[in-house]
$ cat coords22.cif   # mmCIF, C-alpha atoms (C1' of nucleotides)
data_run
#
loop_
_atom_site.label_atom_id
_atom_site.label_comp_id
_atom_site.auth_asym_id
_atom_site.auth_seq_id
_atom_site.Cartn_x
_atom_site.Cartn_y
_atom_site.Cartn_z
CA MET A 1 2.06 27.44 7.62
CA LYS A 2 0.14 24.20 7.32
CA VAL A 3 -1.68 25.21 4.25
CA GLY A 4 -4.05 22.33 3.70
CA LEU A 5 -2.18 20.68 0.86
CA ASP A 6 -2.12 17.07 -0.19
CA LYS A 7 -0.83 15.09 -3.12
CA LYS A 8 -4.07 15.38 -5.02
CA LYS A 9 -4.30 19.15 -4.80
CA ILE A 10 -0.69 19.54 -5.80
CA ILE A 11 -1.08 17.30 -8.81
CA GLU A 12 -4.17 19.13 -9.93
CA ALA A 13 -2.38 22.44 -9.61
CA ALA A 14 0.55 21.06 -11.56
CA ALA A 15 -1.78 19.74 -14.24
CA ASP A 16 -3.48 23.11 -14.61
CA MET A 17 -0.14 24.79 -14.79
CA ALA A 18 1.05 22.35 -17.44
CA ASP A 19 -2.04 23.06 -19.52
CA GLU A 20 -1.40 26.77 -19.26
CA LYS A 21 2.33 27.04 -19.73
CA GLY A 22 3.46 23.66 -20.99
CA ILE A 23 4.91 20.83 -18.98
CA ALA A 24 8.45 22.11 -19.38
CA ASN A 25 7.51 25.20 -17.40
CA VAL A 26 6.17 23.29 -14.46
CA THR A 27 9.13 23.58 -12.12
CA LEU A 28 9.18 22.93 -8.42
CA LYS A 29 10.05 26.56 -7.92
CA VAL A 30 7.06 27.97 -9.74
CA LEU A 31 4.70 25.26 -8.57
CA ALA A 32 5.62 25.96 -4.96
CA GLU A 33 5.12 29.65 -5.57
CA GLU A 34 1.67 29.01 -7.00
CA LEU A 35 0.76 26.90 -3.99
CA GLY A 36 2.06 29.44 -1.53
CA ILE A 37 4.83 27.28 -0.13
CA LYS A 38 8.59 26.95 -0.63
CA PRO A 39 10.12 24.39 -2.99
CA PRO A 40 11.64 22.16 -0.32
CA SER A 41 8.20 21.68 1.20
CA LEU A 42 7.09 19.83 -1.90
CA TYR A 43 9.42 17.02 -0.90
CA LYS A 44 7.13 16.32 2.04
CA HIS A 45 4.56 15.19 -0.51
CA PHE A 46 6.84 13.94 -3.27
CA SER A 47 9.96 12.50 -1.78
CA GLY A 48 11.06 11.61 -5.29
CA GLY A 49 11.06 15.26 -6.29
CA LEU A 50 10.30 16.46 -9.78
CA GLU A 51 10.57 13.02 -11.28
CA GLU A 52 7.92 11.62 -8.99
CA LEU A 53 5.68 14.58 -9.64
CA ASN A 54 5.92 13.99 -13.36
CA LYS A 55 5.16 10.35 -12.94
CA GLU A 56 2.10 11.16 -10.87
CA LEU A 57 1.05 13.67 -13.47
CA MET A 58 1.31 10.98 -16.11
CA LEU A 59 -0.80 8.60 -14.04
CA TYR A 60 -3.32 11.29 -13.21
CA GLY A 61 -3.64 12.13 -16.88
CA TRP A 62 -4.35 8.57 -17.94
CA ARG A 63 -6.85 8.12 -15.14
CA SER A 64 -8.64 11.29 -16.19
CA LEU A 65 -8.65 10.30 -19.83
CA GLU A 66 -9.97 6.89 -18.94
CA SER A 67 -12.85 8.39 -17.03
CA GLU A 68 -13.74 10.79 -19.84
CA ILE A 69 -13.67 7.97 -22.32
CA THR A 70 -15.78 5.75 -20.15
CA ARG A 71 -18.35 8.47 -19.75
CA ALA A 72 -18.39 9.08 -23.48
CA ALA A 73 -19.09 5.45 -24.30
CA ILE A 74 -22.02 5.07 -21.95
CA GLY A 75 -25.13 3.90 -23.72
CA LYS A 76 -23.36 3.42 -27.03
CA ALA A 77 -22.19 0.39 -28.93
CA LYS A 78 -20.10 -0.55 -31.92
CA ASP A 79 -19.21 2.24 -34.32
CA ASP A 80 -21.05 4.81 -32.24
CA ALA A 81 -19.12 3.84 -29.16
CA ILE A 82 -15.78 3.87 -30.91
CA THR A 83 -16.48 7.21 -32.50
CA ALA A 84 -17.53 8.68 -29.18
CA ILE A 85 -14.42 7.35 -27.51
CA CYS A 86 -12.15 8.77 -30.16
CA TYR A 87 -13.77 12.16 -29.94
CA ALA A 88 -13.53 12.07 -26.18
CA TYR A 89 -9.82 11.32 -26.48
CA ARG A 90 -9.32 14.15 -28.92
CA ASN A 91 -11.32 16.63 -26.87
CA PHE A 92 -9.48 15.64 -23.74
CA VAL A 93 -6.16 16.43 -25.33
CA ALA A 94 -7.47 19.70 -26.72
CA LYS A 95 -8.39 20.73 -23.18
CA HIS A 96 -5.32 19.26 -21.54
CA LYS A 97 -2.43 19.86 -23.84
CA GLY A 98 0.11 20.12 -21.07
CA LEU A 99 -1.13 17.10 -19.22
CA PHE A 100 -1.03 15.15 -22.45
CA GLU A 101 2.59 16.19 -22.85
CA ALA A 102 3.24 14.68 -19.45
CA MET A 103 1.38 11.52 -20.40
CA GLN A 104 3.59 11.08 -23.42
CA TRP A 105 6.78 12.57 -22.19
CA TYR A 106 7.06 10.40 -19.20
CA ASN A 107 6.67 7.24 -21.20
CA MET A 108 10.18 7.81 -22.45
CA TYR A 109 11.50 6.75 -19.08
CA GLN A 110 9.22 4.31 -17.34
CA SER A 111 7.63 1.90 -19.72
CA LYS A 112 6.34 -0.42 -17.00
CA GLU A 113 4.29 2.12 -15.16
CA HIS A 114 3.20 3.68 -18.38
CA LEU A 115 1.96 0.34 -19.59
CA GLN A 116 -0.19 -0.01 -16.49
CA ALA A 117 -1.44 3.52 -16.79
CA THR A 118 -2.77 2.98 -20.29
CA GLU A 119 -4.26 -0.38 -19.42
CA GLY A 120 -7.62 1.05 -18.45
CA THR A 121 -8.08 2.96 -21.66
CA VAL A 122 -7.00 -0.01 -23.71
CA SER A 123 -9.39 -2.35 -21.97
CA ILE A 124 -12.33 -0.06 -22.68
CA LEU A 125 -11.55 -0.29 -26.37
CA PHE A 126 -11.35 -4.06 -26.13
CA GLN A 127 -14.71 -4.21 -24.42
CA VAL A 128 -16.36 -2.17 -27.12
CA LEU A 129 -14.85 -4.43 -29.75
CA GLU A 130 -16.47 -7.46 -28.17
CA ALA A 131 -19.64 -6.60 -30.02
CA TYR A 132 -18.10 -7.24 -33.41
CA GLY A 133 -17.40 -10.95 -33.01
CA LEU A 134 -13.73 -10.66 -33.91
CA ASN A 135 -11.01 -12.97 -32.71
CA GLU A 136 -8.40 -11.86 -30.19
CA GLU A 137 -5.75 -11.08 -32.73
CA GLN A 138 -8.06 -8.98 -34.82
CA LYS A 139 -9.08 -7.00 -31.79
CA VAL A 140 -5.44 -6.42 -30.94
CA HIS A 141 -4.79 -5.02 -34.38
CA ILE A 142 -7.75 -2.68 -34.23
CA VAL A 143 -6.92 -1.41 -30.78
CA ARG A 144 -3.31 -0.83 -31.68
CA MET A 145 -4.22 0.98 -34.84
CA LEU A 146 -6.70 3.16 -33.02
CA ARG A 147 -4.22 3.99 -30.28
CA GLY A 148 -1.50 4.76 -32.76
CA PHE A 149 -3.67 6.97 -34.88
CA LEU A 150 -5.22 8.78 -31.95
CA GLN A 151 -1.98 9.50 -30.22
CA GLY A 152 -0.23 10.65 -33.37
CA PHE A 153 -3.10 12.69 -34.73
CA VAL A 154 -3.87 14.61 -31.58
CA SER A 155 -0.21 15.08 -30.85
CA ILE A 156 0.42 16.64 -34.24
CA GLU A 157 -2.82 18.58 -34.05
CA SER A 158 -2.16 19.98 -30.62
CA HIS A 159 1.25 21.27 -31.66
CA GLY A 160 -0.08 22.88 -34.80
CA GLY A 161 1.75 20.38 -36.97
CA TYR A 162 -0.97 20.15 -39.58
CA GLY A 163 -0.46 23.24 -41.67
CA ASN A 164 -3.12 22.89 -44.34
CA PRO A 165 -6.34 24.90 -43.90
CA THR A 166 -8.61 21.93 -44.52
CA PRO A 167 -10.67 21.41 -41.33
CA LEU A 168 -9.14 18.86 -39.02
CA ASN A 169 -12.56 17.59 -38.05
CA ASP A 170 -13.04 16.35 -41.57
CA THR A 171 -9.78 14.45 -41.49
CA PHE A 172 -10.61 12.99 -38.12
CA ASP A 173 -14.00 11.81 -39.36
CA PHE A 174 -12.45 10.40 -42.50
CA ALA A 175 -9.86 8.50 -40.51
CA LEU A 176 -12.41 7.05 -38.12
CA LYS A 177 -14.56 5.96 -41.02
CA THR A 178 -11.57 4.34 -42.64
CA ILE A 179 -10.67 2.43 -39.51
CA LEU A 180 -14.25 1.37 -38.92
CA ASN A 181 -14.34 0.10 -42.49
CA GLY A 182 -11.32 -1.96 -41.60
CA VAL A 183 -13.27 -3.46 -38.73
CA ARG A 184 -16.14 -4.27 -41.05
CA ASP A 185 -13.82 -5.97 -43.51
CA LEU A 186 -12.45 -8.17 -40.76
CA GLN A 187 -15.95 -9.29 -39.92
CA GLY A 188 -16.70 -10.12 -43.53
CA GLY A 189 -13.54 -12.14 -44.15
CA THR A 190 -12.00 -14.93 -42.04
CA MET B 1 43.17 22.08 -28.75
CA LYS B 2 41.60 22.83 -32.11
CA VAL B 3 40.05 19.44 -32.50
CA GLY B 4 38.55 19.62 -35.96
CA LEU B 5 34.97 20.05 -34.89
CA ASP B 6 32.12 21.65 -36.74
CA LYS B 7 28.37 21.90 -36.33
CA LYS B 8 27.73 18.80 -38.39
CA LYS B 9 30.06 16.55 -36.44
CA ILE B 10 28.69 17.77 -33.15
CA ILE B 11 25.11 17.18 -34.19
CA GLU B 12 25.93 13.71 -35.40
CA ALA B 13 27.63 12.91 -32.12
CA ALA B 14 24.66 14.28 -30.23
CA ALA B 15 22.29 12.21 -32.36
CA ASP B 16 24.25 9.03 -31.72
CA MET B 17 24.31 9.80 -28.05
CA ALA B 18 20.56 10.41 -28.03
CA ASP B 19 19.99 7.07 -29.69
CA GLU B 20 22.11 5.35 -27.09
CA LYS B 21 21.06 7.02 -23.87
CA GLY B 22 17.91 8.95 -24.70
CA ILE B 23 17.61 12.62 -25.55
CA ALA B 24 17.21 13.63 -21.92
CA ASN B 25 20.72 12.39 -21.24
CA VAL B 26 22.32 14.46 -23.95
CA THR B 27 23.71 17.29 -21.85
CA LEU B 28 26.31 19.81 -22.87
CA LYS B 29 28.53 18.43 -20.17
CA VAL B 30 28.52 14.84 -21.39
CA LEU B 31 28.47 15.80 -25.06
CA ALA B 32 31.54 17.95 -24.59
CA GLU B 33 33.22 15.11 -22.75
CA GLU B 34 32.47 12.74 -25.59
CA LEU B 35 33.91 15.21 -28.09
CA GLY B 36 37.01 15.82 -26.02
CA ILE B 37 36.31 19.48 -25.33
CA LYS B 38 34.93 21.50 -22.44
CA PRO B 39 31.27 22.53 -22.27
CA PRO B 40 31.83 26.26 -22.83
CA SER B 41 33.54 25.47 -26.12
CA LEU B 42 30.27 24.20 -27.51
CA TYR B 43 29.01 27.76 -27.47
CA LYS B 44 31.47 28.56 -30.23
CA HIS B 45 29.33 26.34 -32.47
CA PHE B 46 25.93 26.81 -30.86
CA SER B 47 25.63 30.29 -29.46
CA GLY B 48 22.10 29.43 -28.45
CA GLY B 49 23.33 26.66 -26.18
CA LEU B 50 21.38 23.54 -25.44
CA GLU B 51 18.19 24.88 -26.94
CA GLU B 52 19.81 25.53 -30.28
CA LEU B 53 21.46 22.13 -30.23
CA ASN B 54 18.08 20.49 -29.71
CA LYS B 55 16.55 22.48 -32.50
CA GLU B 56 19.34 21.45 -34.83
CA LEU B 57 18.90 17.88 -33.75
CA MET B 58 15.22 18.10 -34.63
CA LEU B 59 16.01 19.53 -38.05
CA TYR B 60 18.74 16.99 -38.66
CA GLY B 61 16.35 14.20 -37.76
CA TRP B 62 13.68 15.31 -40.19
CA ARG B 63 16.23 15.78 -42.94
CA SER B 64 17.56 12.29 -42.34
CA LEU B 65 14.11 10.77 -42.28
CA GLU B 66 13.20 12.57 -45.46
CA SER B 67 16.22 11.17 -47.23
CA GLU B 68 15.52 7.64 -46.05
CA ILE B 69 11.95 7.91 -47.17
CA THR B 70 12.92 9.30 -50.53
CA ARG B 71 15.34 6.48 -51.10
CA ALA B 72 12.72 3.93 -50.09
CA ALA B 73 10.20 5.22 -52.60
CA ILE B 74 12.51 5.14 -55.58
CA GLY B 75 11.13 3.08 -58.43
CA LYS B 76 7.84 2.45 -56.68
CA ALA B 77 4.36 3.81 -57.15
CA LYS B 78 0.98 3.80 -55.49
CA ASP B 79 0.45 1.26 -52.72
CA ASP B 80 3.96 -0.10 -53.08
CA ALA B 81 5.43 3.34 -52.67
CA ILE B 82 3.29 4.19 -49.66
CA THR B 83 4.06 0.89 -48.02
CA ALA B 84 7.77 1.35 -48.60
CA ILE B 85 7.65 4.85 -47.18
CA CYS B 86 5.81 3.75 -44.08
CA TYR B 87 8.26 0.96 -43.46
CA ALA B 88 11.15 3.33 -43.99
CA TYR B 89 9.64 5.67 -41.42
CA ARG B 90 9.17 2.86 -38.95
CA ASN B 91 12.64 1.45 -39.47
CA PHE B 92 14.16 4.87 -39.14
CA VAL B 93 12.59 5.35 -35.75
CA ALA B 94 13.61 1.86 -34.66
CA LYS B 95 17.21 2.78 -35.44
CA HIS B 96 16.99 6.33 -34.12
CA LYS B 97 14.85 6.26 -31.08
CA GLY B 98 16.63 9.14 -29.40
CA LEU B 99 16.70 11.31 -32.47
CA PHE B 100 13.01 10.68 -32.93
CA GLU B 101 12.45 11.85 -29.39
CA ALA B 102 14.18 15.07 -30.34
CA MET B 103 12.07 15.36 -33.48
CA GLN B 104 8.92 15.14 -31.42
CA TRP B 105 10.04 16.74 -28.25
CA TYR B 106 11.13 19.91 -29.83
CA ASN B 107 7.85 20.39 -31.59
CA MET B 108 6.40 21.29 -28.25
CA TYR B 109 8.18 24.57 -28.39
CA GLN B 110 8.73 25.76 -31.93
CA SER B 111 5.83 24.93 -34.15
CA LYS B 112 7.00 27.18 -36.99
CA GLU B 113 10.34 25.57 -37.51
CA HIS B 114 8.88 22.18 -36.90
CA LEU B 115 6.33 22.77 -39.61
CA GLN B 116 9.08 23.58 -42.08
CA ALA B 117 11.10 20.59 -40.98
CA THR B 118 8.32 18.15 -41.72
CA GLU B 119 7.46 19.80 -45.01
CA GLY B 120 9.80 17.63 -47.04
CA THR B 121 8.41 14.39 -45.72
CA VAL B 122 4.87 15.58 -46.21
CA SER B 123 5.50 16.62 -49.79
CA ILE B 124 6.87 13.21 -50.66
CA LEU B 125 3.63 11.65 -49.52
CA PHE B 126 1.66 14.13 -51.59
CA GLN B 127 3.71 13.32 -54.66
CA VAL B 128 3.06 9.63 -54.31
CA LEU B 129 -0.64 10.30 -53.93
CA GLU B 130 -0.70 12.10 -57.26
CA ALA B 131 -0.98 8.74 -58.97
CA TYR B 132 -4.39 8.03 -57.49
CA GLY B 133 -6.29 10.84 -59.13
CA LEU B 134 -7.68 12.21 -55.88
CA ASN B 135 -8.65 15.80 -55.29
CA GLU B 136 -6.63 18.06 -53.00
CA GLU B 137 -8.81 17.62 -49.98
CA GLN B 138 -8.78 13.88 -50.25
CA LYS B 139 -5.01 13.87 -50.45
CA VAL B 140 -4.83 16.07 -47.38
CA HIS B 141 -6.93 13.62 -45.42
CA ILE B 142 -4.83 10.66 -46.45
CA VAL B 143 -1.56 12.36 -45.69
CA ARG B 144 -2.78 13.52 -42.31
CA MET B 145 -4.08 10.12 -41.43
CA LEU B 146 -0.82 8.49 -42.46
CA ARG B 147 1.24 10.96 -40.51
CA GLY B 148 -0.93 10.59 -37.45
CA PHE B 149 -0.88 6.86 -37.52
CA LEU B 150 2.84 6.60 -38.24
CA GLN B 151 3.87 8.99 -35.55
CA GLY B 152 1.62 7.47 -32.93
CA PHE B 153 2.33 3.87 -33.78
CA VAL B 154 6.09 4.11 -33.87
CA SER B 155 6.11 6.31 -30.81
CA ILE B 156 4.14 3.77 -28.80
CA GLU B 157 6.10 0.90 -30.29
CA SER B 158 9.48 2.42 -29.58
CA HIS B 159 8.59 2.98 -25.94
CA GLY B 160 7.31 -0.53 -25.50
CA GLY B 161 3.76 0.72 -25.09
CA TYR B 162 2.17 -2.17 -26.91
CA GLY B 163 2.11 -4.92 -24.35
CA ASN B 164 0.38 -7.74 -26.18
CA PRO B 165 2.62 -10.47 -27.66
CA THR B 166 0.97 -10.34 -31.07
CA PRO B 167 3.68 -9.36 -33.59
CA LEU B 168 3.75 -5.66 -34.27
CA ASN B 169 4.59 -6.28 -37.89
CA ASP B 170 1.20 -7.84 -38.36
CA THR B 171 -0.53 -4.84 -36.88
CA PHE B 172 1.51 -2.48 -38.99
CA ASP B 173 0.62 -4.40 -42.13
CA PHE B 174 -3.01 -4.51 -41.15
CA ALA B 175 -3.08 -0.78 -40.54
CA LEU B 176 -1.42 0.03 -43.84
CA LYS B 177 -3.84 -2.20 -45.67
CA THR B 178 -6.72 -0.50 -43.92
CA ILE B 179 -5.51 2.94 -44.87
CA LEU B 180 -4.82 1.89 -48.45
CA ASN B 181 -8.34 0.54 -48.62
CA GLY B 182 -9.48 3.98 -47.56
CA VAL B 183 -7.59 5.44 -50.49
CA ARG B 184 -9.24 2.96 -52.82
CA ASP B 185 -12.68 3.85 -51.51
CA LEU B 186 -12.03 7.52 -52.18
CA GLN B 187 -11.20 6.72 -55.79
CA GLY B 188 -14.38 4.74 -56.28
CA GLY B 189 -16.73 7.21 -54.60
CA THR B 190 -16.56 11.03 -54.84
"C1'" DT C 1 54.84 38.50 -42.30
"C1'" DA C 2 51.27 40.91 -39.82
"C1'" DC C 3 46.60 40.28 -38.22
"C1'" DA C 4 41.90 39.04 -37.93
"C1'" DA C 5 39.02 35.33 -36.96
"C1'" DT C 6 38.41 30.96 -34.90
"C1'" DA C 7 38.00 27.44 -31.49
"C1'" DG C 8 39.60 26.11 -27.57
"C1'" DC C 9 40.31 27.00 -22.28
"C1'" DT C 10 39.74 28.53 -17.20
"C1'" DA C 11 37.24 30.96 -13.86
"C1'" DA C 12 33.07 32.70 -12.27
"C1'" DT C 13 27.98 33.16 -12.15
"C1'" DG C 14 23.15 31.73 -12.15
"C1'" DC C 15 19.42 29.02 -11.30
"C1'" DG C 16 16.64 25.26 -10.26
"C1'" DA C 17 16.64 20.80 -7.75
"C1'" DT C 18 17.74 18.73 -3.84
"C1'" DT C 19 19.34 17.75 1.06
"C1'" DA C 20 19.91 18.70 6.06
"C1'" DG C 21 18.18 19.97 9.90
"C1'" DC C 22 14.90 23.05 12.68
"C1'" DC C 23 10.21 24.00 14.45
"C1'" DA C 24 5.31 24.74 15.15
"C1'" DA C 25 0.88 22.91 14.54
"C1'" DA C 26 -2.05 19.00 14.48
"C1'" DA C 27 -3.30 14.64 15.61
"C1'" DT C 28 -3.08 10.98 18.70
"C1'" DA C 29 -2.23 8.52 22.96
"C1'" DA C 30 -1.99 8.37 27.95
"C1'" DT D 1 -6.27 17.43 29.72
"C1'" DT D 2 -1.70 16.73 28.88
"C1'" DA D 3 2.28 14.34 26.74
"C1'" DT D 4 4.06 12.72 22.55
"C1'" DT D 5 4.48 11.71 17.89
"C1'" DT D 6 3.72 12.81 13.25
"C1'" DT D 7 3.15 16.12 9.77
"C1'" DG D 8 4.07 19.79 6.84
"C1'" DG D 9 6.16 23.87 6.65
"C1'" DC D 10 10.69 26.73 6.83
"C1'" DT D 11 15.75 28.40 6.29
"C1'" DA D 12 20.29 27.53 5.04
"C1'" DA D 13 23.42 25.07 2.41
"C1'" DT D 14 24.86 22.06 -1.44
"C1'" DC D 15 25.01 20.12 -6.12
"C1'" DG D 16 25.00 19.99 -10.93
"C1'" DC D 17 24.50 21.69 -15.23
"C1'" DA D 18 24.01 25.68 -18.30
"C1'" DT D 19 25.76 29.71 -19.32
"C1'" DT D 20 28.83 34.02 -19.48
"C1'" DA D 21 33.24 36.58 -19.36
"C1'" DG D 22 37.39 37.04 -20.68
"C1'" DC D 23 42.07 34.90 -22.09
"C1'" DT D 24 45.01 32.60 -25.66
"C1'" DA D 25 46.89 29.77 -29.15
"C1'" DT D 26 46.20 28.39 -33.64
"C1'" DT D 27 44.70 29.07 -38.28
"C1'" DG D 28 44.08 31.07 -42.25
"C1'" DT D 29 44.45 35.20 -44.90
"C1'" DA D 30 45.85 40.08 -46.62
#
$ encode --input "coords22.cif" --output "structure tokens"
Amino acid sequence: MKVGLDKKKIIEAAADMADEKGIANVTLKVLAEELGIKPPSLYKHFSGGLEELNKELMLYGWRSLESEITRAAIGKAKDDAITAICYAYRNFVAKHKGLFEAMQWYNMYQSKEHLQATEGTVSILFQVLEAYGLNEEQKVHIVRMLRGFLQGFVSIESHGGYGNPTPLNDTFDFALKTILNGVRDLQGGT
Amino acid sequence: MKVGLDKKKIIEAAADMADEKGIANVTLKVLAEELGIKPPSLYKHFSGGLEELNKELMLYGWRSLESEITRAAIGKAKDDAITAICYAYRNFVAKHKGLFEAMQWYNMYQSKEHLQATEGTVSILFQVLEAYGLNEEQKVHIVRMLRGFLQGFVSIESHGGYGNPTPLNDTFDFALKTILNGVRDLQGGT
DNA sequence: TACAATAGCTAATGCGATTAGCCAAAATAA
DNA sequence: TTATTTTGGCTAATCGCATTAGCTATTGTA
């Protein structure tokens, strides 16, 4: 008894488990088993039960993604920075399929908290866009488009939804180029 | 007894219920209640239980989307057709939030069937792209990019994930224009 | 008109989440 | 050091929904 557990360790264990078996298979029963405790004990750390655990998983995922993205953008600017960020996002999801499920899945319920969770990632994109001299609205469009594309692409990719044998890297590069062209056009016009 | 129920009616009821209360709240218990029968009776139509129901919901959703998209593209070509299709997709999800959840959610489990389900929608996009004189690989990139963007954008939009007050229509238009520019560039280059 | 299949029902089971309440270890206060 | 409170674990019991077993009336058909 008194295994040295805390919220953080439990969440990390749950995240690993989600990546291995899928978020739907992360149950309190099996998580407790993995941690060497009994299910009711988990309520000492998560009084809100499974729902709270999932919420924490969602938050943990966005925090992790944000830190990966931040690291990826260090020392880069403009197109290079955006490209690096997008690849970091994609690689993160490739490595954390289950956690990414949690990050998306939970947004179906709690849009407020989800909004806050994604804030960090969004603001990094905004910062990088500063360098292009766009107006606020233009930046909003670019960020939204990037978020939409990234989320959809990696979601489909990670579930094997793209059947064609053409390399996905090529499509990803093409799409980034296309979006970056869009940024360039905005600079030219207006 | 012997309420005139069949698979189709049950799925439609489940879809409506998903749109109203979210897919997570479509339980056999409440669905049966809604239909005026008892939960075990549902097994006469879905021997696979809840899982089969969800799979059918996913298939039904993709079929419905495909038909909406097909209708939207009638009499249109090139950019007009693509734009119409994308708007049809977006409007479909706006009207069928819960069903769309099912369409996505289920793909976490059954990638084979999901792949088949999306086939129709994908092939419509390919057909429209015929008019541009692109090679196969180029078409694949465009279709993938469109799918990625559409799925991500509407998913974020439908969960209220875009916080900024800037109208989402404007972003959607901007993104479509950007992607269509990408198509144009492919035609010029090669 | 018999009879097989269908579509419903009730009763019972299973399983995971959750709650209630107990207890020892650890941390803190006297 | 000792008393006390908090913490984090446990067992036992409950709840809720999915699911299974087995019964029966209706329906449609030979």
$ closest_residue --input "coords22.cif" --among "A:Asp19, A:Ile69, A:Pro40, A:Ser158" --to "chain D" --atoms "only C-alpha atoms (C1' of nucleotides)"
A:Pro40
$ atom_distance --input "coords22.cif" --atom1 "CA of Glu52 in chain A" --atom2 "CA of Gln104 in chain B"
22.7 Å
$ residues_around --input "coords22.cif" --residues "Gln138 in chain B" --least-positions-apart "3" --cutoff "12 Å" --atoms "all atoms listed in the file" --output "number ranges by chain"
A: 166-167, 170-171, 174-175; B: 126, 129-130, 132-135, 141-145, 182-187, 189-190
$ resolve_selection --input "coords22.cif" --expression "the PyMOL selection byres ((chain D and resi 13) around 9)" --output "list in words"
DT19 and DA20 of chain C; DA12 and DT14 of chain D
$ residues_around --input "coords22.cif" --residues "Lys78 in chain B" --least-positions-apart "3" --cutoff "10 Å" --atoms "all atoms listed in the file" --output "list of chain:residue names"
B:Ala73, B:Ala81, B:Ile82, B:Thr83, B:Ala84, B:Gln127, B:Val128, B:Leu129, B:Glu130, B:Ala131, B:Tyr132, B:Leu180
$ resolve_selection --input "coords22.cif" --expression "the PyMOL selection byres ((chain B) within 12 of (chain C))" --output "list in words"
Met1, Lys2, Val3, Gly4, Leu5, Asp6, Ala32, Gly36, Ile37, Lys38, Pro39, Pro40, Ser41, Leu42, Tyr43, Lys44 and His45 of chain B
$ write_last_selection --input "coords22.cif" --atoms "C-alpha atoms" --output "compact mmCIF listing (two decimals), in the frame of the given file"
# COMPACT_ATOMS: atom_id res chain seq x y z
CA MET B 1 43.17 22.08 -28.75
CA LYS B 2 41.60 22.83 -32.11
CA VAL B 3 40.05 19.44 -32.50
CA GLY B 4 38.55 19.62 -35.96
CA LEU B 5 34.97 20.05 -34.89
CA ASP B 6 32.12 21.65 -36.74
CA ALA B 32 31.54 17.95 -24.59
CA GLY B 36 37.01 15.82 -26.02
CA ILE B 37 36.31 19.48 -25.33
CA LYS B 38 34.93 21.50 -22.44
CA PRO B 39 31.27 22.53 -22.27
CA PRO B 40 31.83 26.26 -22.83
CA SER B 41 33.54 25.47 -26.12
CA LEU B 42 30.27 24.20 -27.51
CA TYR B 43 29.01 27.76 -27.47
CA LYS B 44 31.47 28.56 -30.23
CA HIS B 45 29.33 26.34 -32.47
$ atom_distance --input "coords22.cif" --atom1 "CA of Gln116 in chain A" --atom2 "CA of Val93 in chain A"
19.6 Å
$ resolve_selection --input "coords22.cif" --expression "the PyMOL selection byres ((chain D) within 10 of (chain A))" --output "count of residues only"
5
$ closest_residue --input "coords22.cif" --among "A:Asn169, A:Ser111, A:Ser64, A:Ser123" --to "chain B" --atoms "all atoms listed in the file"
A:Ser111
$ atom_distance --input "coords22.cif" --atom1 "CA of Asn91 in chain A" --atom2 "CA of Leu125 in chain A"
16.9 Å
